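The file entry25.txt contains compact mmCIF, C-alpha atoms:
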```
# COMPACT_ATOMS: atom_id res chain seq x y z
CA MET U 288 0.00 0.00 0.00
CA GLU U 289 2.88 2.36 0.77
CA GLU U 290 4.09 1.90 -2.81
CA LEU U 291 0.92 3.53 -4.07
CA PHE U 292 1.31 6.62 -1.87
CA LEU U 293 3.43 8.66 -4.29
CA PRO U 294 1.34 7.90 -7.43
CA LEU U 295 -1.86 8.65 -5.48
CA LEU U 296 -0.40 11.87 -4.10
CA VAL U 297 0.52 13.04 -7.62
CA ALA U 298 -2.90 11.99 -8.94
CA VAL U 299 -4.67 14.04 -6.24
CA THR U 300 -2.61 17.21 -6.84
CA SER U 301 -3.00 16.77 -10.62
CA MET U 302 -6.76 16.53 -10.24
CA GLY U 303 -6.69 19.66 -8.06
CA ALA U 304 -4.65 21.54 -10.66
CA TYR U 305 -7.05 20.36 -13.39
CA LEU U 306 -10.08 21.68 -11.49
CA ILE U 307 -8.37 24.97 -10.66
CA GLY U 308 -7.30 25.35 -14.30
CA LEU U 309 -10.84 24.76 -15.57
CA ARG U 310 -12.89 26.66 -12.98
CA VAL U 311 -10.58 29.34 -11.58
CA LEU U 312 -8.17 30.12 -14.38
CA GLY U 313 -10.66 29.50 -17.19
CA LEU U 314 -8.36 27.22 -19.20
CA SER U 315 -9.71 24.93 -21.92
CA ARG U 316 -9.67 21.10 -22.02
CA ARG U 317 -8.28 21.33 -25.55
CA GLY U 318 -5.34 23.32 -24.20
CA LEU U 319 -4.55 20.50 -21.78
CA GLY U 320 -4.23 18.05 -24.70
CA TRP U 321 -1.84 20.45 -26.39
CA ALA U 322 0.20 20.73 -23.17
CA LEU U 323 0.42 16.94 -22.88
CA ARG U 324 1.67 16.64 -26.46
CA GLN U 325 4.30 19.32 -25.83
CA THR U 326 5.40 17.53 -22.67
CA LEU U 327 5.82 14.27 -24.58
CA GLU U 328 7.99 16.12 -27.10
CA MET U 329 10.15 17.53 -24.29
CA VAL U 330 10.56 14.08 -22.76
CA GLY U 331 11.40 12.70 -26.20
CA LEU U 332 14.10 15.34 -26.64
CA THR U 333 15.42 14.48 -23.16
CA VAL U 334 15.77 10.83 -24.21
CA VAL U 335 17.58 11.86 -27.40
CA PHE U 336 20.04 14.00 -25.42
CA LEU U 337 20.52 11.27 -22.80
CA VAL U 338 21.35 8.65 -25.42
CA ALA U 339 23.70 11.09 -27.19
CA ASN U 340 25.44 12.02 -23.94
CA LEU U 341 25.92 8.37 -22.99
CA ALA U 342 27.13 7.32 -26.45
CA ILE U 343 29.58 10.21 -26.83
CA GLY U 344 30.74 9.87 -23.22
CA LEU U 345 31.40 6.15 -23.69
CA ALA U 346 33.27 6.80 -26.93
CA VAL U 347 35.44 9.47 -25.27
CA ILE U 348 36.25 7.18 -22.32
CA LEU U 349 37.14 4.19 -24.49
CA THR U 350 39.22 6.38 -26.82
CA THR U 351 41.06 7.89 -23.86
CA ARG U 352 41.80 4.40 -22.56
CA ALA U 353 43.05 3.26 -25.96
CA LEU U 354 45.19 6.28 -26.79
CA SER U 355 46.73 6.98 -23.38
CA MET U 356 47.92 5.15 -20.30
CA ARG U 357 45.21 6.89 -18.29
CA PHE U 358 42.38 4.67 -17.06
CA VAL U 359 38.93 6.25 -16.90
CA SER U 360 36.07 4.20 -15.44
CA VAL U 361 32.89 3.99 -17.52
CA TYR U 362 30.97 4.07 -14.24
CA ILE U 363 31.35 7.85 -14.11
CA LEU U 364 28.52 7.84 -16.67
CA ASN U 365 26.30 6.03 -14.15
CA ASP U 366 25.07 9.23 -12.50
CA ALA U 367 21.51 10.49 -12.07
CA SER U 368 22.60 14.08 -12.68
CA LEU U 369 23.12 13.19 -16.37
CA VAL U 370 19.36 12.62 -16.66
CA ALA U 371 18.63 16.05 -15.15
CA LEU U 372 21.16 17.75 -17.42
CA SER U 373 19.73 15.96 -20.46
CA ALA U 374 16.25 17.15 -19.44
CA LEU U 375 17.56 20.69 -19.29
CA GLN U 376 19.06 20.33 -22.76
CA GLY U 377 15.79 18.88 -24.05
CA MET U 378 13.72 21.73 -22.61
CA ILE U 379 15.99 24.43 -24.02
CA LEU U 380 16.01 22.88 -27.50
CA GLY U 381 12.26 22.32 -27.33
CA TRP U 382 11.53 25.94 -26.45
CA TRP U 383 14.05 27.11 -29.04
CA ARG U 384 12.33 25.04 -31.74
CA ARG U 385 9.00 26.55 -30.78
CA GLN U 386 10.39 30.08 -30.79
CA GLY U 387 12.02 29.47 -34.19
CA GLY U 388 8.63 28.44 -35.59
CA ASN U 389 6.96 31.72 -34.59
CA MET G 170 13.33 14.75 -35.85
CA SER G 171 9.55 14.86 -36.39
CA GLN G 172 7.15 15.88 -33.65
CA ALA G 173 5.28 12.58 -33.91
CA LEU G 174 8.46 10.56 -33.42
CA LEU G 175 9.50 12.72 -30.45
CA ARG G 176 6.08 12.24 -28.87
CA PHE G 177 6.31 8.48 -29.38
CA VAL G 178 9.79 8.36 -27.81
CA GLY G 179 8.61 10.57 -24.95
CA GLY G 180 5.53 8.44 -24.33
CA ALA G 181 7.56 5.25 -24.38
CA ALA G 182 10.07 6.76 -21.95
CA LEU G 183 7.29 7.79 -19.56
CA VAL G 184 5.76 4.32 -19.63
CA CYS G 185 9.19 2.76 -18.98
CA PHE G 186 9.75 5.17 -16.09
CA LEU G 187 6.42 4.34 -14.45
CA VAL G 188 6.88 0.59 -14.87
CA ALA G 189 10.46 0.73 -13.55
CA ALA G 190 9.68 2.93 -10.56
CA PHE G 191 6.34 1.54 -9.40
CA THR G 192 6.42 -2.18 -10.27
CA PRO G 193 8.92 -4.98 -9.46
CA ALA G 194 9.87 -5.23 -13.17
CA VAL G 195 13.49 -4.14 -12.60
CA ASN G 196 13.93 -6.63 -9.73
CA LEU G 197 12.64 -9.41 -11.95
CA LEU G 198 14.88 -8.30 -14.84
CA SER G 199 17.93 -8.39 -12.54
CA TYR G 200 16.90 -11.82 -11.28
CA TRP G 201 16.52 -13.07 -14.84
CA MET G 202 19.96 -11.72 -15.84
CA ALA G 203 21.94 -13.19 -12.95
CA PRO G 204 22.82 -16.81 -12.21
CA SER G 205 21.25 -18.19 -9.03
CA ARG G 206 23.27 -18.06 -5.82
CA ARG G 207 24.83 -21.42 -5.03
CA LEU G 208 26.66 -22.44 -1.89
CA GLU G 209 29.06 -25.36 -2.17
CA PRO G 210 32.64 -26.02 -1.09
CA ALA G 211 35.39 -24.57 -3.28
CA GLN G 212 39.13 -24.00 -3.15
CA ALA G 213 38.89 -20.21 -2.75
CA ILE G 214 36.45 -17.34 -2.33
CA VAL G 215 37.02 -14.45 -4.74
CA VAL G 216 35.48 -11.07 -3.85
CA LEU G 217 35.52 -8.72 -6.84
CA GLY G 218 36.19 -5.00 -6.51
CA SER G 219 33.02 -3.01 -5.99
CA GLY G 220 32.76 0.65 -5.12
CA GLY G 221 36.32 1.11 -3.85
CA VAL G 222 37.14 3.29 -0.88
CA ALA G 223 35.85 6.74 0.00
CA ALA G 224 38.09 9.80 0.21
CA ASN G 225 38.56 9.14 3.94
CA GLY G 226 40.06 5.71 3.19
CA LEU G 227 37.04 3.75 4.44
CA LEU G 228 35.30 1.12 2.34
CA THR G 229 32.14 2.21 0.56
CA ASP G 230 28.89 0.51 1.56
CA THR G 231 28.84 -1.75 -1.50
CA SER G 232 32.48 -2.72 -1.10
CA MET G 233 32.02 -3.54 2.58
CA ARG G 234 28.89 -5.56 1.91
CA ALA G 235 30.64 -7.69 -0.71
CA ALA G 236 33.64 -8.13 1.59
CA MET G 237 31.39 -9.21 4.46
CA ASP G 238 29.73 -11.76 2.20
CA GLY G 239 33.17 -13.22 1.42
CA ILE G 240 34.06 -13.26 5.13
CA VAL G 241 30.82 -15.05 6.04
CA LEU G 242 31.39 -17.65 3.30
CA TYR G 243 34.87 -18.30 4.76
CA GLN G 244 33.48 -18.58 8.29
CA LYS G 245 30.96 -21.13 7.02
CA GLY G 246 33.93 -23.24 5.98
CA LEU G 247 33.16 -23.19 2.27
CA ALA G 248 36.77 -22.45 1.25
CA PRO G 249 40.16 -22.18 3.00
CA LEU G 250 41.26 -19.00 1.20
CA VAL G 251 39.73 -15.57 0.48
CA VAL G 252 40.91 -13.30 -2.34
CA PHE G 253 39.98 -9.64 -1.99
CA SER G 254 40.22 -7.63 -5.17
CA GLY G 255 40.12 -3.84 -5.53
CA SER G 256 40.97 -1.21 -8.08
CA PRO G 257 44.25 0.68 -7.62
CA GLU G 258 42.75 3.84 -9.15
CA GLY G 259 42.86 6.85 -6.86
CA ASN G 260 44.15 4.98 -3.83
CA PRO G 261 46.77 2.28 -4.50
CA ASN G 262 46.06 -0.90 -2.50
CA GLY G 263 43.11 0.93 -0.90
CA GLU G 264 40.10 -1.30 -1.42
CA ALA G 265 41.78 -4.70 -1.36
CA GLU G 266 43.91 -3.86 1.69
CA ALA G 267 40.98 -2.28 3.55
CA ARG G 268 38.97 -5.44 2.91
CA ALA G 269 41.86 -7.60 4.12
CA ASP G 270 42.06 -5.49 7.31
CA LEU G 271 38.33 -6.01 7.83
CA ALA G 272 38.71 -9.77 7.34
CA ARG G 273 41.59 -9.97 9.84
CA SER G 274 39.55 -8.01 12.38
CA CYS G 275 36.79 -10.60 11.90
CA GLY G 276 39.19 -13.38 12.85
CA ILE G 277 40.32 -14.67 9.46
CA PRO G 278 44.02 -15.61 9.68
CA ALA G 279 46.39 -13.56 7.50
CA ALA G 280 47.60 -16.75 5.82
CA ALA G 281 44.08 -17.34 4.47
CA ILE G 282 43.90 -13.91 2.80
CA VAL G 283 45.19 -12.88 -0.62
CA THR G 284 44.85 -9.39 -2.09
CA SER G 285 44.77 -8.32 -5.73
CA SER G 286 45.22 -4.60 -6.28
CA ARG G 287 46.39 -4.11 -9.85
CA ALA G 288 43.31 -4.93 -11.94
CA ARG G 289 41.02 -2.08 -13.01
CA THR G 290 38.31 -4.01 -14.90
CA THR G 291 36.53 -7.33 -14.44
CA ASN G 292 38.54 -8.81 -17.31
CA GLU G 293 41.81 -7.67 -15.73
CA GLU G 294 40.66 -9.06 -12.37
CA ALA G 295 40.10 -12.49 -13.91
CA HIS G 296 43.62 -12.62 -15.37
CA GLU G 297 45.30 -11.08 -12.30
CA ILE G 298 43.58 -13.47 -9.90
CA HIS G 299 44.28 -16.43 -12.16
CA ALA G 300 47.98 -15.49 -12.06
CA LEU G 301 47.78 -15.42 -8.24
CA LEU G 302 45.89 -18.70 -7.80
CA ALA G 303 47.25 -20.87 -10.60
CA PRO G 304 50.54 -21.60 -8.73
CA ARG G 305 48.40 -22.91 -5.83
CA GLU G 306 46.53 -25.15 -8.30
CA ILE G 307 43.24 -23.47 -7.38
CA ARG G 308 40.55 -23.92 -10.00
CA LYS G 309 37.17 -24.01 -8.25
CA ILE G 310 36.14 -20.65 -6.76
CA LEU G 311 33.15 -19.07 -5.09
CA LEU G 312 32.76 -15.78 -6.96
CA VAL G 313 31.29 -12.86 -4.97
CA ALA G 314 30.02 -10.01 -7.19
CA ASP G 315 27.00 -7.76 -7.43
CA THR G 316 23.95 -9.37 -9.00
CA PRO G 317 23.69 -7.45 -12.28
CA GLY G 318 27.37 -8.04 -13.06
CA MET G 319 27.55 -11.67 -11.99
CA GLY G 320 26.69 -13.19 -15.40
CA ARG G 321 29.48 -11.28 -17.18
CA ALA G 322 32.00 -11.82 -14.36
CA MET G 323 31.25 -15.53 -14.29
CA LYS G 324 31.90 -15.92 -18.03
CA VAL G 325 35.14 -13.93 -17.87
CA PHE G 326 36.47 -16.00 -14.96
CA GLU G 327 35.45 -19.26 -16.64
CA ARG G 328 37.30 -18.14 -19.74
CA ALA G 329 40.36 -17.40 -17.58
CA GLY G 330 40.34 -21.05 -16.49
CA PHE G 331 38.26 -21.14 -13.32
CA ASP G 332 35.38 -23.42 -12.36
CA VAL G 333 33.01 -20.75 -10.97
CA VAL G 334 30.30 -21.09 -8.31
CA PRO G 335 28.23 -17.85 -8.45
CA THR G 336 27.42 -16.16 -5.13
CA PRO G 337 25.89 -12.75 -5.96
CA TRP G 338 25.63 -10.65 -2.81
CA SER G 339 22.79 -8.23 -3.58
CA ASP G 340 19.11 -9.08 -3.07
CA VAL G 341 17.36 -8.60 -6.41
CA LEU G 342 14.14 -10.20 -5.22
CA ASP G 343 13.60 -7.55 -2.59
CA LEU G 344 10.39 -6.60 -4.35
CA GLY G 345 9.38 -3.91 -1.88
CA GLY G 346 12.14 -1.45 -2.86
CA SER G 347 11.38 2.26 -3.08
CA PRO G 348 10.90 3.89 -6.51
CA GLU G 349 14.27 5.61 -6.14
CA ALA G 350 16.00 2.31 -5.30
CA ARG G 351 14.38 0.66 -8.32
CA LEU G 352 15.49 3.47 -10.64
CA SER G 353 19.02 3.10 -9.26
CA GLN G 354 18.80 -0.63 -9.94
CA LEU G 355 17.61 0.17 -13.48
CA ARG G 356 20.73 2.29 -14.03
CA GLN G 357 22.91 -0.60 -12.86
CA VAL G 358 21.13 -3.04 -15.16
CA ALA G 359 21.45 -0.64 -18.12
CA MET G 360 25.16 -0.14 -17.41
CA GLU G 361 25.63 -3.90 -17.19
CA LEU G 362 23.91 -4.42 -20.57
CA VAL G 363 26.29 -1.88 -22.13
CA ALA G 364 29.27 -3.57 -20.44
CA LEU G 365 28.07 -6.96 -21.72
CA ALA G 366 27.88 -5.62 -25.28
CA TYR G 367 31.35 -4.08 -24.94
CA TYR G 368 32.87 -7.30 -23.57
CA ARG G 369 31.36 -9.28 -26.44
CA ALA G 370 32.64 -6.76 -29.02
CA ALA G 371 36.10 -6.75 -27.41
CA GLY G 372 36.24 -10.57 -27.47
CA TYR G 373 36.46 -10.96 -23.69
CA LEU G 374 33.49 -13.37 -23.58
```

Re-express the file's structure as structure tokens.
Amino acid sequence: MEELFLPLLVAVTSMGAYLIGLRVLGLSRRGLGWALRQTLEMVGLTVVFLVANLAIGLAVILTTRALSMRFVSVYILNDASLVALSALQGMILGWWRRQGGN
Amino acid sequence: MSQALLRFVGGAALVCFLVAAFTPAVNLLSYWMAPSRRLEPAQAIVVLGSGGVAANGLLTDTSMRAAMDGIVLYQKGLAPLVVFSGSPEGNPNGEAEARADLARSCGIPAAAIVTSSRARTTNEEAHEIHALLAPREIRKILLVADTPGMGRAMKVFERAGFDVVPTPWSDVLDLGGSPEARLSQLRQVAMELVALAYYRAAGYL
């Protein structure tokens, strides 16, 4: 039951935000669909950046190992901060794409 | 990249995130990837490097846990010798020697302890430890490694000439883990899949 606490918590606050958006802020349901599609695009860009960061990072580490006597562990790529940084990259590119289209 | 493709990738990533964080899928994937833990007498216990030592010279949690597993296996009488491995990077002789100190403080005689401090990868560990144990005619070992990496480590050590009994030390079937712990486990599994692909491409397996 404890495992469901976080998903339920997020579901409750999301429902609250939905009701406030509709009744207090006067937002449209159609706008919510648009927002969800934009969010999926941002997450997609995050995945693209994450894969690129991991692939290029791995290539740099293996090349460094091969071309020098210096040993670099591939485990330095195993860091949660890389996901956050990739998300930041994805958001910036996503907003830039949108701005470029206007 | 088209918007539709980005949305598909984003949707798939969100589904994967939810499944990984809020279901036991990652635990089951780890369990499926790793050989089952077996306990049977061998000629030596080999504890692979894992996590190294912190800046203060103390063993990290993962390194200490693996070392303790090796110590307990020795105390159960499953082998007369324990080999502690550890990377020399950053702190020469740090991890292996710190583990040996821990073992001695737990009552294991110094003569029953061997350290290996020169290897930096699992493949190097296999060859380094084989060079240490071959003169003693040791072939059958209990291999102590983390669960996601056990399958790869086992194959590398078998290729080096050992008869390996797998004894992974982490509990992958702890299905009640927190979402954060499961996501951490997912990262380990993903890293291990990349390492497996690299070892195959490099001809180590």

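For chain G, the residues within 9 Å of chain U are Gln172, Ala173, Leu174, Leu175, Arg176, Phe177, Val178, Gly179, Gly180, Ala181, Ala182, Leu183, Phe191, Thr192, Glu258, Arg289, Thr290, Gly345, Gly346, Ser347, Pro348, Ser353, Arg356, Gln357, Met360 and Ala364 of chain G, with only C-alpha atoms used to measure distance.
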
Would you compute an axis-aligned box for range 268-278 of chain G, covering every atom listed for it in the file with 3 Å of margin on each side, and report centre and edge lengths in Å to one decimal as lines of an AutoDock Vina configuration file?
```
center_x = 40.4
center_y = -10.5
center_z = 7.9
size_x = 13.2
size_y = 16.2
size_z = 15.9
```

### Message
Please report the interatomic distance between CA of Gly372 in chain G and CA of Tyr200 in chain G in Å with one decimal.
### Response
25.3 Å

### Message
One number please: CA of Val215 in chain G to CA of Tyr373 in chain G, in Å, one decimal.
### Response
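Calculated distance between CA of Val215 in chain G and CA of Tyr373 in chain G is 19.3 Å.
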
### Message
List as number ranges by chain the protein and nucleic acid residues near Val334 in chain G, meaning an atom at most 12 Å away when all atoms listed in the file are counted, but skip any in the same chain fewer than 3 places from it.
### Response
G: 204-215, 247-248, 308-314, 319-320, 322-324, 326-327, 331, 337

### Message
So the first atom is CA of Arg321 in chain G and the second is CA of Met202 in chain G; what is the distance between them in Å, to one decimal place?
### Response
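Going from CA of Arg321 in chain G over to CA of Met202 in chain G covers 9.6 Å.
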
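All residues of protein, DNA or RNA that reach within 10 Å of Phe336 in chain U, judged by only C-alpha atoms and not counting those fewer than 4 positions away in the chain, are U:Val330, U:Gly331, U:Leu332, U:Asn340, U:Leu341, U:Ala342, U:Leu369, U:Val370, U:Leu372, U:Ser373, U:Ala374, U:Leu375, U:Gln376, U:Gly377, U:Leu380.
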
Dump C-alpha atoms for the selected residues as a compact mmCIF listing (two decimals), keeping the file's coordinate frame?
```txt
# COMPACT_ATOMS: atom_id res chain seq x y z
CA VAL U 330 10.56 14.08 -22.76
CA GLY U 331 11.40 12.70 -26.20
CA LEU U 332 14.10 15.34 -26.64
CA ASN U 340 25.44 12.02 -23.94
CA LEU U 341 25.92 8.37 -22.99
CA ALA U 342 27.13 7.32 -26.45
CA LEU U 369 23.12 13.19 -16.37
CA VAL U 370 19.36 12.62 -16.66
CA LEU U 372 21.16 17.75 -17.42
CA SER U 373 19.73 15.96 -20.46
CA ALA U 374 16.25 17.15 -19.44
CA LEU U 375 17.56 20.69 -19.29
CA GLN U 376 19.06 20.33 -22.76
CA GLY U 377 15.79 18.88 -24.05
CA LEU U 380 16.01 22.88 -27.50
```

### Message
I want to know what sits within 10 Å of Tyr305 in chain U, based on only C-alpha atoms, with residues of the same chain fewer than 6 positions away left out; could you give that as a count of residues only?
### Response
6
